[in-house]
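Undergrad: Next comes the structure file final_21.tsv, holding TSV, N, CA, C and O atoms.
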chain	number	residue	atom	x	y	z
A	1	MET	N	3.36	92.31	-2.67
A	1	MET	CA	3.69	91.35	-1.62
A	1	MET	C	4.51	92.06	-0.55
A	1	MET	O	5.43	92.81	-0.86
A	2	THR	N	4.21	91.84	0.67
A	2	THR	CA	4.95	92.47	1.76
A	2	THR	C	5.95	91.47	2.34
A	2	THR	O	5.72	90.27	2.34
A	3	SER	N	7.03	92.00	2.81
A	3	SER	CA	8.08	91.17	3.39
A	3	SER	C	7.87	91.05	4.89
A	3	SER	O	7.47	92.00	5.55
A	4	SER	N	8.15	89.87	5.43
A	4	SER	CA	8.04	89.70	6.87
A	4	SER	C	9.34	90.08	7.57
A	4	SER	O	9.44	89.97	8.77
A	5	ILE	N	10.33	90.52	6.79
A	5	ILE	CA	11.61	90.92	7.36
A	5	ILE	C	11.63	92.44	7.47
A	5	ILE	O	11.43	93.16	6.49
A	6	GLN	N	11.87	92.93	8.66
A	6	GLN	CA	11.92	94.36	8.89
A	6	GLN	C	13.31	94.89	8.53
A	6	GLN	O	14.32	94.33	8.94
A	7	PRO	N	13.35	95.98	7.75
A	7	PRO	CA	14.65	96.56	7.40
A	7	PRO	C	15.38	97.06	8.65
A	7	PRO	O	14.76	97.44	9.64
A	8	ALA	N	16.69	97.06	8.58
A	8	ALA	CA	17.51	97.60	9.66
A	8	ALA	C	17.37	99.12	9.68
A	8	ALA	O	16.81	99.72	8.75
A	9	LEU	N	17.86	99.77	10.72
A	9	LEU	CA	17.75	101.22	10.83
A	9	LEU	C	18.43	101.95	9.68
A	9	LEU	O	18.01	103.04	9.29
A	10	ASP	N	19.44	101.34	9.09
A	10	ASP	CA	20.12	102.00	7.96
A	10	ASP	C	19.41	101.73	6.63
A	10	ASP	O	19.87	102.15	5.58
A	11	GLY	N	18.28	101.01	6.67
A	11	GLY	CA	17.50	100.74	5.46
A	11	GLY	C	17.86	99.45	4.76
A	11	GLY	O	17.18	99.03	3.83
A	12	SER	N	18.95	98.79	5.18
A	12	SER	CA	19.34	97.54	4.53
A	12	SER	C	18.42	96.40	4.99
A	12	SER	O	17.84	96.45	6.07
A	13	ILE	N	18.28	95.42	4.15
A	13	ILE	CA	17.46	94.25	4.45
A	13	ILE	C	18.39	93.15	4.94
A	13	ILE	O	19.33	92.76	4.23
A	14	PRO	N	18.18	92.63	6.14
A	14	PRO	CA	19.04	91.55	6.65
A	14	PRO	C	18.92	90.30	5.77
A	14	PRO	O	17.88	90.05	5.17
A	15	VAL	N	20.00	89.56	5.70
A	15	VAL	CA	19.99	88.30	4.97
A	15	VAL	C	19.06	87.34	5.69
A	15	VAL	O	19.19	87.15	6.91
A	16	GLN	N	18.14	86.77	4.95
A	16	GLN	CA	17.20	85.84	5.57
A	16	GLN	C	17.87	84.50	5.79
A	16	GLN	O	18.53	83.96	4.89
A	17	GLU	N	17.72	84.00	6.98
A	17	GLU	CA	18.29	82.69	7.30
A	17	GLU	C	17.55	81.61	6.52
A	17	GLU	O	16.35	81.69	6.32
A	18	LYS	N	18.30	80.60	6.08
A	18	LYS	CA	17.63	79.50	5.40
A	18	LYS	C	16.83	78.71	6.45
A	18	LYS	O	17.19	78.68	7.62
A	19	ASN	N	15.78	78.08	6.01
A	19	ASN	CA	14.98	77.30	6.94
A	19	ASN	C	15.24	75.81	6.72
A	19	ASN	O	15.90	75.42	5.76
A	20	PHE	N	14.73	75.01	7.61
A	20	PHE	CA	14.98	73.57	7.58
A	20	PHE	C	14.49	72.94	6.28
A	20	PHE	O	15.20	72.15	5.67
A	21	GLU	N	13.30	73.30	5.82
A	21	GLU	CA	12.75	72.68	4.61
A	21	GLU	C	13.58	73.02	3.38
A	21	GLU	O	13.78	72.17	2.51
A	22	THR	N	14.07	74.24	3.29
A	22	THR	CA	14.93	74.63	2.18
A	22	THR	C	16.22	73.82	2.21
A	22	THR	O	16.68	73.31	1.18
A	23	TRP	N	16.79	73.68	3.39
A	23	TRP	CA	18.02	72.90	3.54
A	23	TRP	C	17.79	71.44	3.16
A	23	TRP	O	18.60	70.85	2.45
A	24	VAL	N	16.67	70.86	3.61
A	24	VAL	CA	16.36	69.46	3.27
A	24	VAL	C	16.31	69.29	1.76
A	24	VAL	O	16.87	68.32	1.22
A	25	SER	N	15.68	70.21	1.07
A	25	SER	CA	15.60	70.09	-0.39
A	25	SER	C	16.97	70.17	-1.05
A	25	SER	O	17.19	69.59	-2.11
A	26	GLN	N	17.92	70.85	-0.42
A	26	GLN	CA	19.28	70.94	-0.95
A	26	GLN	C	20.07	69.66	-0.75
A	26	GLN	O	20.84	69.26	-1.62
A	27	VAL	N	19.92	69.03	0.41
A	27	VAL	CA	20.78	67.88	0.74
A	27	VAL	C	20.14	66.53	0.43
A	27	VAL	O	20.84	65.52	0.33
A	28	ARG	N	18.84	66.47	0.29
A	28	ARG	CA	18.13	65.21	0.07
A	28	ARG	C	18.66	64.39	-1.11
A	28	ARG	O	18.82	63.17	-0.99
A	29	PRO	N	18.95	65.00	-2.27
A	29	PRO	CA	19.44	64.19	-3.39
A	29	PRO	C	20.69	63.36	-3.06
A	29	PRO	O	20.83	62.23	-3.53
A	30	ALA	N	21.58	63.90	-2.26
A	30	ALA	CA	22.79	63.15	-1.89
A	30	ALA	C	22.43	61.92	-1.07
A	30	ALA	O	23.02	60.85	-1.24
A	31	PHE	N	21.44	62.04	-0.19
A	31	PHE	CA	21.03	60.90	0.63
A	31	PHE	C	20.23	59.89	-0.19
A	31	PHE	O	20.32	58.68	0.04
A	32	GLU	N	19.48	60.36	-1.17
A	32	GLU	CA	18.77	59.44	-2.07
A	32	GLU	C	19.77	58.61	-2.88
A	32	GLU	O	19.58	57.41	-3.05
A	33	ARG	N	20.82	59.26	-3.37
A	33	ARG	CA	21.85	58.52	-4.11
A	33	ARG	C	22.54	57.50	-3.22
A	33	ARG	O	22.79	56.36	-3.63
A	34	ALA	N	22.85	57.89	-1.98
A	34	ALA	CA	23.50	56.96	-1.05
A	34	ALA	C	22.58	55.78	-0.73
A	34	ALA	O	23.03	54.63	-0.69
A	35	ALA	N	21.31	56.05	-0.54
A	35	ALA	CA	20.35	54.98	-0.23
A	35	ALA	C	20.23	54.01	-1.39
A	35	ALA	O	20.10	52.79	-1.19
A	36	ALA	N	20.29	54.51	-2.60
A	36	ALA	CA	20.14	53.66	-3.78
A	36	ALA	C	21.29	52.66	-3.95
A	36	ALA	O	21.13	51.63	-4.59
A	37	THR	N	22.44	52.94	-3.33
A	37	THR	CA	23.59	52.04	-3.47
A	37	THR	C	23.45	50.79	-2.62
A	37	THR	O	24.07	49.77	-2.91
A	38	GLY	N	22.68	50.87	-1.53
A	38	GLY	CA	22.57	49.74	-0.62
A	38	GLY	C	23.72	49.62	0.36
A	38	GLY	O	23.74	48.72	1.18
A	39	ARG	N	24.68	50.52	0.28
A	39	ARG	CA	25.83	50.48	1.19
A	39	ARG	C	25.49	51.14	2.52
A	39	ARG	O	24.71	52.08	2.59
A	40	GLU	N	26.14	50.69	3.57
A	40	GLU	CA	25.97	51.26	4.91
A	40	GLU	C	26.73	52.59	4.98
A	40	GLU	O	27.85	52.70	4.47
A	41	PHE	N	26.12	53.58	5.63
A	41	PHE	CA	26.76	54.89	5.76
A	41	PHE	C	26.29	55.58	7.03
A	41	PHE	O	25.25	55.26	7.58
A	42	ALA	N	27.08	56.52	7.48
A	42	ALA	CA	26.69	57.45	8.55
A	42	ALA	C	26.39	58.78	7.87
A	42	ALA	O	26.95	59.08	6.82
A	43	SER	N	25.54	59.58	8.45
A	43	SER	CA	25.16	60.85	7.81
A	43	SER	C	26.38	61.72	7.55
A	43	SER	O	26.46	62.40	6.52
A	44	TRP	N	27.36	61.70	8.44
A	44	TRP	CA	28.53	62.56	8.24
A	44	TRP	C	29.37	62.10	7.05
A	44	TRP	O	30.06	62.89	6.43
A	45	HIS	N	29.30	60.80	6.68
A	45	HIS	CA	30.01	60.33	5.48
A	45	HIS	C	29.46	61.06	4.26
A	45	HIS	O	30.22	61.54	3.40
A	46	ILE	N	28.14	61.13	4.17
A	46	ILE	CA	27.50	61.77	3.03
A	46	ILE	C	27.77	63.27	3.06
A	46	ILE	O	28.07	63.88	2.03
A	47	LYS	N	27.69	63.85	4.25
A	47	LYS	CA	27.95	65.29	4.40
A	47	LYS	C	29.33	65.65	3.86
A	47	LYS	O	29.48	66.60	3.09
A	48	VAL	N	30.34	64.89	4.25
A	48	VAL	CA	31.72	65.19	3.84
A	48	VAL	C	31.92	64.88	2.36
A	48	VAL	O	32.44	65.71	1.61
A	49	ASP	N	31.49	63.70	1.92
A	49	ASP	CA	31.72	63.30	0.53
A	49	ASP	C	31.02	64.23	-0.47
A	49	ASP	O	31.58	64.56	-1.51
A	50	ALA	N	29.80	64.65	-0.15
A	50	ALA	CA	29.04	65.51	-1.07
A	50	ALA	C	29.23	67.00	-0.78
A	50	ALA	O	28.60	67.83	-1.44
A	51	LYS	N	30.05	67.32	0.23
A	51	LYS	CA	30.29	68.72	0.62
A	51	LYS	C	28.98	69.46	0.87
A	51	LYS	O	28.72	70.53	0.33
A	52	LEU	N	28.14	68.87	1.70
A	52	LEU	CA	26.82	69.42	1.98
A	52	LEU	C	26.89	70.58	2.97
A	52	LEU	O	27.74	70.58	3.87
A	53	PRO	N	25.99	71.54	2.83
A	53	PRO	CA	25.96	72.66	3.77
A	53	PRO	C	25.37	72.23	5.11
A	53	PRO	O	24.66	71.22	5.20
A	54	GLU	N	25.66	73.01	6.13
A	54	GLU	CA	25.10	72.75	7.45
A	54	GLU	C	23.64	73.21	7.48
A	54	GLU	O	23.27	74.17	6.81
A	55	PRO	N	22.81	72.55	8.29
A	55	PRO	CA	21.43	73.02	8.46
A	55	PRO	C	21.42	74.26	9.36
A	55	PRO	O	22.43	74.59	9.99
A	56	PRO	N	20.27	74.93	9.44
A	56	PRO	CA	20.19	76.11	10.31
A	56	PRO	C	20.56	75.80	11.76
A	56	PRO	O	21.15	76.63	12.44
A	57	ASN	N	20.22	74.62	12.25
A	57	ASN	CA	20.54	74.21	13.62
A	57	ASN	C	21.23	72.85	13.57
A	57	ASN	O	20.58	71.82	13.70
A	58	PRO	N	22.55	72.81	13.36
A	58	PRO	CA	23.25	71.55	13.17
A	58	PRO	C	23.13	70.55	14.31
A	58	PRO	O	23.15	69.34	14.07
A	59	LYS	N	23.00	71.01	15.53
A	59	LYS	CA	22.97	70.07	16.67
A	59	LYS	C	21.75	69.17	16.65
A	59	LYS	O	21.80	68.07	17.18
A	60	SER	N	20.66	69.62	16.06
A	60	SER	CA	19.46	68.78	16.07
A	60	SER	C	18.96	68.40	14.69
A	60	SER	O	18.30	67.38	14.54
A	61	GLN	N	19.29	69.18	13.68
A	61	GLN	CA	18.62	68.95	12.41
A	61	GLN	C	19.25	67.88	11.52
A	61	GLN	O	18.57	67.35	10.65
A	62	TRP	N	20.50	67.49	11.74
A	62	TRP	CA	21.01	66.32	11.02
A	62	TRP	C	20.22	65.09	11.45
A	62	TRP	O	19.80	64.28	10.63
A	63	GLY	N	20.01	64.98	12.74
A	63	GLY	CA	19.22	63.85	13.25
A	63	GLY	C	17.79	63.90	12.78
A	63	GLY	O	17.19	62.86	12.45
A	64	ALA	N	17.21	65.10	12.72
A	64	ALA	CA	15.83	65.24	12.24
A	64	ALA	C	15.72	64.81	10.79
A	64	ALA	O	14.73	64.16	10.39
A	65	LEU	N	16.72	65.13	9.99
A	65	LEU	CA	16.72	64.70	8.59
A	65	LEU	C	16.74	63.18	8.49
A	65	LEU	O	15.95	62.58	7.75
A	66	MET	N	17.63	62.55	9.23
A	66	MET	CA	17.76	61.09	9.15
A	66	MET	C	16.48	60.43	9.65
A	66	MET	O	16.02	59.43	9.07
A	67	HIS	N	15.88	60.97	10.68
A	67	HIS	CA	14.61	60.44	11.18
A	67	HIS	C	13.53	60.56	10.10
A	67	HIS	O	12.77	59.62	9.87
A	68	ARG	N	13.47	61.69	9.44
A	68	ARG	CA	12.48	61.88	8.38
A	68	ARG	C	12.68	60.87	7.25
A	68	ARG	O	11.72	60.27	6.77
A	69	LEU	N	13.93	60.71	6.80
A	69	LEU	CA	14.20	59.77	5.71
A	69	LEU	C	13.86	58.34	6.10
A	69	LEU	O	13.38	57.55	5.28
A	70	SER	N	14.07	58.02	7.37
A	70	SER	CA	13.71	56.70	7.88
A	70	SER	C	12.19	56.53	7.91
A	70	SER	O	11.66	55.50	7.48
A	71	GLU	N	11.49	57.54	8.41
A	71	GLU	CA	10.02	57.49	8.47
A	71	GLU	C	9.41	57.38	7.07
A	71	GLU	O	8.37	56.76	6.90
A	72	GLU	N	10.05	57.99	6.09
A	72	GLU	CA	9.56	57.94	4.72
A	72	GLU	C	9.87	56.61	4.04
A	72	GLU	O	9.42	56.37	2.93
A	73	GLY	N	10.68	55.77	4.68
A	73	GLY	CA	11.01	54.47	4.11
A	73	GLY	C	12.17	54.48	3.14
A	73	GLY	O	12.39	53.51	2.42
A	74	LEU	N	12.96	55.56	3.13
A	74	LEU	CA	14.11	55.64	2.24
A	74	LEU	C	15.32	54.91	2.82
A	74	LEU	O	16.06	54.26	2.08
A	75	ILE	N	15.52	55.03	4.13
A	75	ILE	CA	16.67	54.40	4.79
A	75	ILE	C	16.20	53.64	6.02
A	75	ILE	O	15.09	53.86	6.52
A	76	GLU	N	17.06	52.73	6.47
A	76	GLU	CA	16.78	51.98	7.69
A	76	GLU	C	18.05	51.92	8.54
A	76	GLU	O	19.16	51.93	8.02
A	77	ALA	N	17.86	51.91	9.85
A	77	ALA	CA	18.99	51.84	10.78
A	77	ALA	C	19.66	50.48	10.66
A	77	ALA	O	18.99	49.46	10.53
A	78	VAL	N	20.99	50.49	10.72
A	78	VAL	CA	21.75	49.25	10.60
A	78	VAL	C	22.57	48.99	11.86
A	78	VAL	O	22.45	47.95	12.47
A	79	SER	N	23.41	49.94	12.24
A	79	SER	CA	24.35	49.72	13.33
A	79	SER	C	24.78	51.08	13.90
A	79	SER	O	24.08	52.06	13.74
A	80	PHE	N	25.94	51.09	14.52
A	80	PHE	CA	26.54	52.32	15.04
A	80	PHE	C	28.01	52.37	14.66
A	80	PHE	O	28.64	51.33	14.45
A	81	THR	N	28.54	53.57	14.57
A	81	THR	CA	29.97	53.78	14.35
A	81	THR	C	30.37	55.01	15.16
A	81	THR	O	29.54	55.58	15.85
A	82	THR	N	31.63	55.39	15.06
A	82	THR	CA	32.09	56.58	15.79
A	82	THR	C	32.54	57.65	14.80
A	82	THR	O	32.99	57.34	13.70
A	83	THR	N	32.45	58.89	15.25
A	83	THR	CA	32.95	60.01	14.46
A	83	THR	C	34.42	60.22	14.79
A	83	THR	O	34.98	59.53	15.65
A	84	ARG	N	35.01	61.20	14.14
A	84	ARG	CA	36.43	61.50	14.40
A	84	ARG	C	36.69	61.89	15.84
A	84	ARG	O	37.76	61.65	16.37
A	85	ASP	N	35.68	62.48	16.50
A	85	ASP	CA	35.87	62.88	17.90
A	85	ASP	C	35.44	61.80	18.89
A	85	ASP	O	35.42	62.02	20.09
A	86	GLY	N	35.06	60.64	18.37
A	86	GLY	CA	34.71	59.52	19.24
A	86	GLY	C	33.24	59.43	19.62
A	86	GLY	O	32.85	58.56	20.38
A	87	SER	N	32.41	60.32	19.09
A	87	SER	CA	30.98	60.26	19.37
A	87	SER	C	30.35	59.07	18.62
A	87	SER	O	30.72	58.78	17.49
A	88	GLY	N	29.39	58.44	19.26
A	88	GLY	CA	28.69	57.34	18.62
A	88	GLY	C	27.56	57.86	17.75
A	88	GLY	O	26.80	58.73	18.17
A	89	VAL	N	27.46	57.37	16.51
A	89	VAL	CA	26.39	57.75	15.60
A	89	VAL	C	25.82	56.51	14.93
A	89	VAL	O	26.50	55.50	14.76
A	90	ARG	N	24.57	56.61	14.55
A	90	ARG	CA	23.88	55.50	13.89
A	90	ARG	C	24.35	55.40	12.44
A	90	ARG	O	24.67	56.39	11.80
A	91	THR	N	24.38	54.18	11.93
A	91	THR	CA	24.63	53.98	10.51
A	91	THR	C	23.34	53.53	9.84
A	91	THR	O	22.45	52.97	10.48
A	92	TRP	N	23.24	53.80	8.55
A	92	TRP	CA	22.03	53.61	7.78
A	92	TRP	C	22.32	52.88	6.48
A	92	TRP	O	23.45	52.85	6.01
A	93	ARG	N	21.27	52.36	5.89
A	93	ARG	CA	21.36	51.73	4.56
A	93	ARG	C	20.03	52.02	3.87
A	93	ARG	O	18.99	52.08	4.52
A	94	GLY	N	20.08	52.13	2.56
A	94	GLY	CA	18.85	52.32	1.80
A	94	GLY	C	17.95	51.10	1.93
A	94	GLY	O	18.43	49.97	1.98
A	95	THR	N	16.67	51.33	2.01
A	95	THR	CA	15.71	50.23	2.09
A	95	THR	C	15.65	49.51	0.74
A	95	THR	O	16.15	50.01	-0.27
A	96	ARG	N	15.02	48.39	0.74
A	96	ARG	CA	14.84	47.64	-0.51
A	96	ARG	C	14.13	48.53	-1.55
A	96	ARG	O	14.49	48.53	-2.72
A	97	ALA	N	13.14	49.27	-1.10
A	97	ALA	CA	12.41	50.17	-2.01
A	97	ALA	C	13.34	51.21	-2.63
A	97	ALA	O	13.25	51.50	-3.82
A	98	ALA	N	14.24	51.77	-1.84
A	98	ALA	CA	15.19	52.78	-2.35
A	98	ALA	C	16.13	52.16	-3.37
A	98	ALA	O	16.45	52.78	-4.39
A	99	ARG	N	16.57	50.95	-3.12
A	99	ARG	CA	17.47	50.27	-4.06
A	99	ARG	C	16.73	49.85	-5.32
A	99	ARG	O	17.27	49.94	-6.42
A	100	THR	N	15.50	49.44	-5.21
A	100	THR	CA	14.70	49.01	-6.36
A	100	THR	C	14.38	50.18	-7.27
A	100	THR	O	14.42	50.05	-8.49
A	101	GLN	N	14.09	51.33	-6.70
A	101	GLN	CA	13.78	52.52	-7.51
A	101	GLN	C	14.96	52.88	-8.40
A	101	GLN	O	14.78	53.30	-9.52
A	102	ARG	N	16.15	52.69	-7.91
A	102	ARG	CA	17.33	53.03	-8.69
A	102	ARG	C	17.44	52.11	-9.91
A	102	ARG	O	17.73	52.53	-11.01
A	103	ARG	N	17.18	50.82	-9.70
A	103	ARG	CA	17.28	49.87	-10.82
A	103	ARG	C	16.18	50.13	-11.85
A	103	ARG	O	16.36	49.94	-13.04
A	104	ALA	N	15.02	50.58	-11.37
A	104	ALA	CA	13.89	50.82	-12.27
A	104	ALA	C	14.08	52.10	-13.09
A	104	ALA	O	13.51	52.23	-14.17
A	105	ALA	N	14.86	53.03	-12.58
A	105	ALA	CA	15.04	54.32	-13.27
A	105	ALA	C	15.96	54.23	-14.47
A	105	ALA	O	16.62	53.34	-14.75
Spit out the file's structure as structure tokens when you get a sec.

TA:
Amino acid sequence: MTSSIQPALDGSIPVQEKNFETWVSQVRPAFERAAATGREFASWHIKVDAKLPEPPNPKSQWGALMHRLSEEGLIEAVSFTTTRDGSGVRTWRGTRAARTQRRAA
């Protein structure tokens, strides 16, 4: 198998950056647990409480994750709240399906 990463001039192999899909697989379980509770949350609440890592591009990929989870029917938009710096962010809650799966498990 050949590597798509070119070694540096000194022969060392650069650390490969994590990609979005790898990051999603790391953080998704925390959001699934939050959705199963039925409680309202902002993404940063879960990030802080579960000590989640940052995505490769934090400015856009937290929102991309929440959009994906919404499109998949795991969470639904509820309201808005503010962050510590005063920015407005959407709040979410697990869908009925997400809450039902937890009871069935």

Undergrad: For the atom pair atom CA of A:Thr22 and atom CA of A:Gln61, what is the interatomic distance in Å to one decimal place?

TA: 12.3 Å

Undergrad: With only N, CA, C and O atoms as the atoms that count, which of A:Ala64, A:Leu69, A:Val27, A:Leu74 lies nearest to A:Ile46?

TA: A:Val27

Undergrad: In terms of the shortest atom-to-atom distance over only C-alpha atoms, which of A:Asp49, A:Glu72, A:Asp85, A:Glu54 is closest to A:Arg33?

TA: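 Between A:Asp49, A:Glu72, A:Asp85, A:Glu54, the residue approaching A:Arg33 most closely is A:Asp49.
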
Undergrad: Using only C-alpha atoms, which of the listed residues (A:Thr95, A:Asn19, A:Thr81, A:Ser43) sits closest to A:Leu65?

TA: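 Closest candidate: A:Ser43.
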
Undergrad: What is the distance, in Å and to one decimal place, between atom CA of A:Arg68 and atom CA of A:Val24?

TA: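 Answer for the atom CA of A:Arg68 to atom CA of A:Val24 separation: 9.9 Å.
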
Undergrad: Run DSSP on the backbone and grab whatever in stretch 65-104 of chain A lands in helix (DSSP H, G or I); send it over as a list in words.

TA: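 Those residues are Leu65, Met66, His67, Arg68, Leu69, Ser70, Glu71, Arg96, Ala97, Ala98, Arg99, Thr100, Gln101, Arg102, Arg103 and Ala104 of chain A.
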
Undergrad: Pick out each residue of chain A that DSSP on the backbone tags as strand (DSSP E or B); I need them as a list in words.

TA: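 Written out, the strand (DSSP E or B) residues of chain A are Phe41, Ala42, Ile75, Glu76, Ala77, Val78, Ser79, Phe80, Thr81, Thr82, Gly88, Val89, Arg90, Thr91, Trp92, Arg93 and Gly94 of chain A.
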
Undergrad: Tell me which of A:Leu52, A:Met66, A:Pro7, A:Gly73 sits closest to A:Gly94, counting all atoms listed in the file.

TA: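 Among the listed residues, the smallest separation from A:Gly94 belongs to A:Gly73.
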
Undergrad: Figure out the distance between atom C of A:Ala34 and atom CA of A:Glu71, please, to one decimal in Å.

TA: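 So the answer is 15.7 Å.
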
Undergrad: So, counting all atoms listed in the file, which residue among A:Phe20, A:Ala36, A:Ile75, A:Val48 is closest to A:Gln101?

TA: A:Ala36

Undergrad: For stretch 73-89 of chain A, I'd like the enclosing box, axis-aligned and padded by 6 Å on every side, reported as JSON with centre and edge lengths in Å to one decimal.

TA:
{"center_x": 24.2, "center_y": 55.4, "center_z": 11.2, "size_x": 39.1, "size_y": 26.9, "size_z": 30.3}

Undergrad: Excluding A:Asn57 and residues on its chain fewer than 5 positions from it, collect all residues at most 7 Å away from it, counting all atoms listed in the file, and give them as a list in words.

TA: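 Surrounding residues, per the criterion: Lys18, Trp62 and Gly63 of chain A.
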
Undergrad: Show which residues sit within 7 Å of A:Ala77, as an NGL selection string. Count all atoms listed in the file, and ignore same-chain residues fewer than 5 positions away.

TA: :A and (70 or 90-93)

Undergrad: Selected residues, N, CA, C and O atoms, written as a PDB file, in the coordinates of the input, please.

TA:
ATOM      1  N   SER A  70      14.070  58.020   7.370  1.00  0.00           N
ATOM      2  CA  SER A  70      13.710  56.700   7.880  1.00  0.00           C
ATOM      3  C   SER A  70      12.190  56.530   7.910  1.00  0.00           C
ATOM      4  O   SER A  70      11.660  55.500   7.480  1.00  0.00           O
ATOM      5  N   ARG A  90      24.570  56.610  14.550  1.00  0.00           N
ATOM      6  CA  ARG A  90      23.880  55.500  13.890  1.00  0.00           C
ATOM      7  C   ARG A  90      24.350  55.400  12.440  1.00  0.00           C
ATOM      8  O   ARG A  90      24.670  56.390  11.800  1.00  0.00           O
ATOM      9  N   THR A  91      24.380  54.180  11.930  1.00  0.00           N
ATOM     10  CA  THR A  91      24.630  53.980  10.510  1.00  0.00           C
ATOM     11  C   THR A  91      23.340  53.530   9.840  1.00  0.00           C
ATOM     12  O   THR A  91      22.450  52.970  10.480  1.00  0.00           O
ATOM     13  N   TRP A  92      23.240  53.800   8.550  1.00  0.00           N
ATOM     14  CA  TRP A  92      22.030  53.610   7.780  1.00  0.00           C
ATOM     15  C   TRP A  92      22.320  52.880   6.480  1.00  0.00           C
ATOM     16  O   TRP A  92      23.450  52.850   6.010  1.00  0.00           O
ATOM     17  N   ARG A  93      21.270  52.360   5.890  1.00  0.00           N
ATOM     18  CA  ARG A  93      21.360  51.730   4.560  1.00  0.00           C
ATOM     19  C   ARG A  93      20.030  52.020   3.870  1.00  0.00           C
ATOM     20  O   ARG A  93      18.990  52.080   4.520  1.00  0.00           O
TER      21      ARG A  93
END

Undergrad: With distances taken over only C-alpha atoms, which residue among A:Gln26, A:Ser12, A:Ala97, A:Glu21 lies nearest A:Glu76?

TA: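 Once distances to A:Glu76 are computed over only C-alpha atoms, the minimum belongs to A:Ala97.
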
Undergrad: Since the input lacks atoms, please generate all heavy atoms for stretch 7-12 of chain A and provide them as an mmCIF file, in the coordinates of the input.

TA:
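Writing done, so here's result07.cif:
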data_model
loop_
_atom_site.group_PDB
_atom_site.id
_atom_site.type_symbol
_atom_site.label_atom_id
_atom_site.label_comp_id
_atom_site.auth_asym_id
_atom_site.auth_seq_id
_atom_site.Cartn_x
_atom_site.Cartn_y
_atom_site.Cartn_z
ATOM 1 N N PRO A 7 13.350 95.980 7.750
ATOM 2 C CA PRO A 7 14.650 96.560 7.400
ATOM 3 C C PRO A 7 15.380 97.060 8.650
ATOM 4 O O PRO A 7 14.760 97.440 9.640
ATOM 5 C CB PRO A 7 14.304 97.725 6.488
ATOM 6 C CG PRO A 7 12.917 97.473 6.037
ATOM 7 C CD PRO A 7 12.255 96.674 7.118
ATOM 8 N N ALA A 8 16.690 97.060 8.580
ATOM 9 C CA ALA A 8 17.510 97.600 9.660
ATOM 10 C C ALA A 8 17.370 99.120 9.680
ATOM 11 O O ALA A 8 16.810 99.720 8.750
ATOM 12 C CB ALA A 8 18.971 97.211 9.446
ATOM 13 N N LEU A 9 17.860 99.770 10.720
ATOM 14 C CA LEU A 9 17.750 101.220 10.830
ATOM 15 C C LEU A 9 18.430 101.950 9.680
ATOM 16 O O LEU A 9 18.010 103.040 9.290
ATOM 17 C CB LEU A 9 18.333 101.686 12.168
ATOM 18 C CG LEU A 9 17.544 101.254 13.406
ATOM 19 C CD1 LEU A 9 18.282 101.672 14.667
ATOM 20 C CD2 LEU A 9 16.138 101.820 13.389
ATOM 21 N N ASP A 10 19.440 101.340 9.090
ATOM 22 C CA ASP A 10 20.120 102.000 7.960
ATOM 23 C C ASP A 10 19.410 101.730 6.630
ATOM 24 O O ASP A 10 19.870 102.150 5.580
ATOM 25 C CB ASP A 10 21.580 101.557 7.878
ATOM 26 C CG ASP A 10 21.743 100.078 7.556
ATOM 27 O OD1 ASP A 10 20.737 99.377 7.339
ATOM 28 O OD2 ASP A 10 22.898 99.628 7.506
ATOM 29 N N GLY A 11 18.280 101.010 6.670
ATOM 30 C CA GLY A 11 17.500 100.740 5.460
ATOM 31 C C GLY A 11 17.860 99.450 4.760
ATOM 32 O O GLY A 11 17.180 99.030 3.830
ATOM 33 N N SER A 12 18.950 98.790 5.180
ATOM 34 C CA SER A 12 19.340 97.540 4.530
ATOM 35 C C SER A 12 18.420 96.400 4.990
ATOM 36 O O SER A 12 17.840 96.450 6.070
ATOM 37 C CB SER A 12 20.796 97.206 4.853
ATOM 38 O OG SER A 12 20.948 96.971 6.242
#
